[in-house]
Amino acid sequence: MEPIMNELLQQHRDAEAMLARLAAGVIRVQRQGVHGEGVMNELSELRREIQGEVLRHFREEEQALFPVLGRHIDSSSGPIAMLMEEHAQFRQLQLEEALAALESRHQDGWEEKLCQAGDAIGRLMPAHIEKEESVLFPMAEQMLGEDECAEVRTLWSHANAAALTE
């Protein structure tokens, strides 16, 4: 298996661990509120991980794997378009905004927004991971030649380097 596919699979395992922590955090917020002992510390750490890992994963797929694989399959419909739409849905859930607002001690319904976003991510992410692992990744393994895999690796490096300067 191509090393990048192994990396993406490992990122999925890491995301699943984050999902479990997010679900536990949402339950703690529902039971104790954000002022419960250690609740905000755990959620703040999780927010940093999500910002780093999940957004990096999306960027690597969107700027490296999808463009190269899109030469073989229609990227305006089909699996790439569907997965891009799901990435956009995750970004719109306002999880990070809710956590940032709560870290800044804003109230105004942010606890509820956090719980709603956490629940939505918990419902959407497992199916998203399954689609990538059962459809997209095998498709990439089958369709991409050695030169294209090298191009994905180059684009992957460029995407991560550009993110460091943002």
# chains A, B, ... in the order shown; residues from 1 in each chain; ligands from 1
>>> residues_around(residues="segment 19-31 of chain A", least_positions_apart="3", cutoff="7 Å", atoms="only C-alpha atoms", output="list in words")
Ala15, Glu16, Val34, Val39, Leu43, Cys115, Gly118 and Gly122 of chain A
>>> select_by_dssp(residues="segment 5-140 of chain A", states="helix (DSSP H, G or I)", output="ChimeraX atom specification")
/A:5-32,39-69,78-92,95-103,110-140
>>> write_last_selection(atoms="C-alpha atoms", output="CSV table (one decimal), in the first residue's frame")
chain,number,residue,atom,x,y,z
A,5,MET,CA,-2.6,5.8,2.0
A,6,ASN,CA,-1.2,4.3,5.2
A,7,GLU,CA,-0.8,7.9,6.6
A,8,LEU,CA,-4.4,8.7,5.7
A,9,LEU,CA,-5.6,5.5,7.4
A,10,GLN,CA,-3.6,6.3,10.5
A,11,GLN,CA,-5.2,9.8,10.5
A,12,HIS,CA,-8.6,8.1,10.5
A,13,ARG,CA,-7.7,6.0,13.5
A,14,ASP,CA,-6.5,9.2,15.3
A,15,ALA,CA,-9.8,10.9,14.2
A,16,GLU,CA,-11.8,8.0,15.7
A,17,ALA,CA,-10.0,8.5,19.0
A,18,MET,CA,-10.7,12.2,18.9
A,19,LEU,CA,-14.4,11.4,18.2
A,20,ALA,CA,-14.5,9.3,21.4
A,21,ARG,CA,-13.0,12.1,23.4
A,22,LEU,CA,-15.4,14.6,21.8
A,23,ALA,CA,-18.4,12.5,22.6
A,24,ALA,CA,-17.2,12.2,26.2
A,25,GLY,CA,-16.6,16.0,26.3
A,26,VAL,CA,-20.1,16.7,25.1
A,27,ILE,CA,-21.6,14.4,27.7
A,28,ARG,CA,-19.6,16.2,30.4
A,29,VAL,CA,-20.8,19.6,29.1
A,30,GLN,CA,-24.4,18.3,29.2
A,31,ARG,CA,-24.0,17.0,32.7
A,32,GLN,CA,-21.7,19.5,34.3
A,39,VAL,CA,-14.1,20.3,31.2
A,40,MET,CA,-12.7,23.4,29.4
A,41,ASN,CA,-9.1,22.2,29.7
A,42,GLU,CA,-10.0,18.9,28.0
A,43,LEU,CA,-12.1,20.7,25.3
A,44,SER,CA,-9.4,23.3,24.6
A,45,GLU,CA,-6.8,20.5,24.1
A,46,LEU,CA,-9.3,18.7,21.8
A,47,ARG,CA,-9.9,21.9,19.8
A,48,ARG,CA,-6.1,22.3,19.2
A,49,GLU,CA,-6.0,18.6,18.0
A,50,ILE,CA,-8.9,19.1,15.7
A,51,GLN,CA,-7.5,22.3,14.3
A,52,GLY,CA,-4.2,20.5,13.7
A,53,GLU,CA,-5.1,17.0,12.7
A,54,VAL,CA,-8.5,17.0,11.1
A,55,LEU,CA,-8.0,20.2,9.1
A,56,ARG,CA,-4.6,18.9,8.0
A,57,HIS,CA,-6.2,15.7,6.8
A,58,PHE,CA,-8.8,17.6,4.8
A,59,ARG,CA,-6.1,19.8,3.3
A,60,GLU,CA,-4.0,16.8,2.3
A,61,GLU,CA,-6.9,15.2,0.6
A,62,GLU,CA,-8.2,18.3,-1.1
A,63,GLN,CA,-4.9,19.7,-2.3
A,64,ALA,CA,-3.0,16.5,-3.0
A,65,LEU,CA,-5.1,13.3,-3.4
A,66,PHE,CA,-8.3,14.6,-4.9
A,67,PRO,CA,-6.8,16.7,-7.7
A,68,VAL,CA,-4.6,13.8,-9.0
A,69,LEU,CA,-7.3,11.2,-8.6
A,78,GLY,CA,-19.2,11.0,-7.6
A,79,PRO,CA,-17.0,10.2,-4.6
A,80,ILE,CA,-14.7,13.2,-4.7
A,81,ALA,CA,-17.5,15.7,-4.9
A,82,MET,CA,-19.4,13.9,-2.2
A,83,LEU,CA,-16.4,13.9,0.2
A,84,MET,CA,-15.6,17.5,-0.6
A,85,GLU,CA,-19.2,18.4,0.4
A,86,GLU,CA,-18.8,16.5,3.6
A,87,HIS,CA,-15.6,18.3,4.4
A,88,ALA,CA,-17.5,21.6,3.9
A,89,GLN,CA,-20.3,20.4,6.2
A,90,PHE,CA,-17.8,19.6,8.9
A,91,ARG,CA,-16.3,23.1,8.6
A,92,GLN,CA,-19.8,24.6,8.9
A,95,LEU,CA,-17.4,23.3,16.7
A,96,GLU,CA,-14.3,25.3,16.8
A,97,GLU,CA,-16.2,28.6,17.0
A,98,ALA,CA,-18.2,27.3,20.0
A,99,LEU,CA,-15.1,26.1,21.8
A,100,ALA,CA,-13.3,29.4,21.2
A,101,ALA,CA,-16.3,31.3,22.4
A,102,LEU,CA,-16.5,29.2,25.6
A,103,GLU,CA,-12.8,29.5,26.2
A,110,TRP,CA,-22.5,28.4,22.9
A,111,GLU,CA,-22.7,25.4,25.2
A,112,GLU,CA,-25.8,24.2,23.2
A,113,LYS,CA,-24.0,24.9,19.9
A,114,LEU,CA,-21.0,22.9,21.1
A,115,CYS,CA,-23.2,19.9,22.0
A,116,GLN,CA,-25.1,20.1,18.7
A,117,ALA,CA,-21.8,20.3,16.7
A,118,GLY,CA,-20.2,17.5,18.7
A,119,ASP,CA,-23.3,15.3,18.2
A,120,ALA,CA,-23.4,16.1,14.4
A,121,ILE,CA,-19.7,15.3,14.0
A,122,GLY,CA,-20.2,12.0,15.9
A,123,ARG,CA,-23.0,11.0,13.5
A,124,LEU,CA,-21.3,12.2,10.3
A,125,MET,CA,-17.6,11.3,10.7
A,126,PRO,CA,-17.8,7.5,11.0
A,127,ALA,CA,-19.8,7.2,7.7
A,128,HIS,CA,-17.3,9.7,6.1
A,129,ILE,CA,-14.3,7.6,7.1
A,130,GLU,CA,-16.0,4.4,5.9
A,131,LYS,CA,-16.6,6.0,2.4
A,132,GLU,CA,-13.0,7.0,2.1
A,133,GLU,CA,-11.7,3.7,3.2
A,134,SER,CA,-14.1,1.5,1.3
A,135,VAL,CA,-14.4,3.6,-1.9
A,136,LEU,CA,-11.9,6.4,-2.4
A,137,PHE,CA,-8.7,4.8,-1.1
A,138,PRO,CA,-9.1,1.5,-2.9
A,139,MET,CA,-9.9,3.5,-6.1
A,140,ALA,CA,-6.8,5.6,-5.6
>>> atom_distance(atom1="atom CA of Glu146 of chain A", atom2="atom CA of Ala162 of chain A")
24.4 Å
>>> atom_distance(atom1="atom CA of Ile73 of chain A", atom2="atom CA of Ala161 of chain A")
27.2 Å
>>> atom_distance(atom1="atom CA of Ala150 of chain A", atom2="atom CA of Pro3 of chain A")
10.4 Å
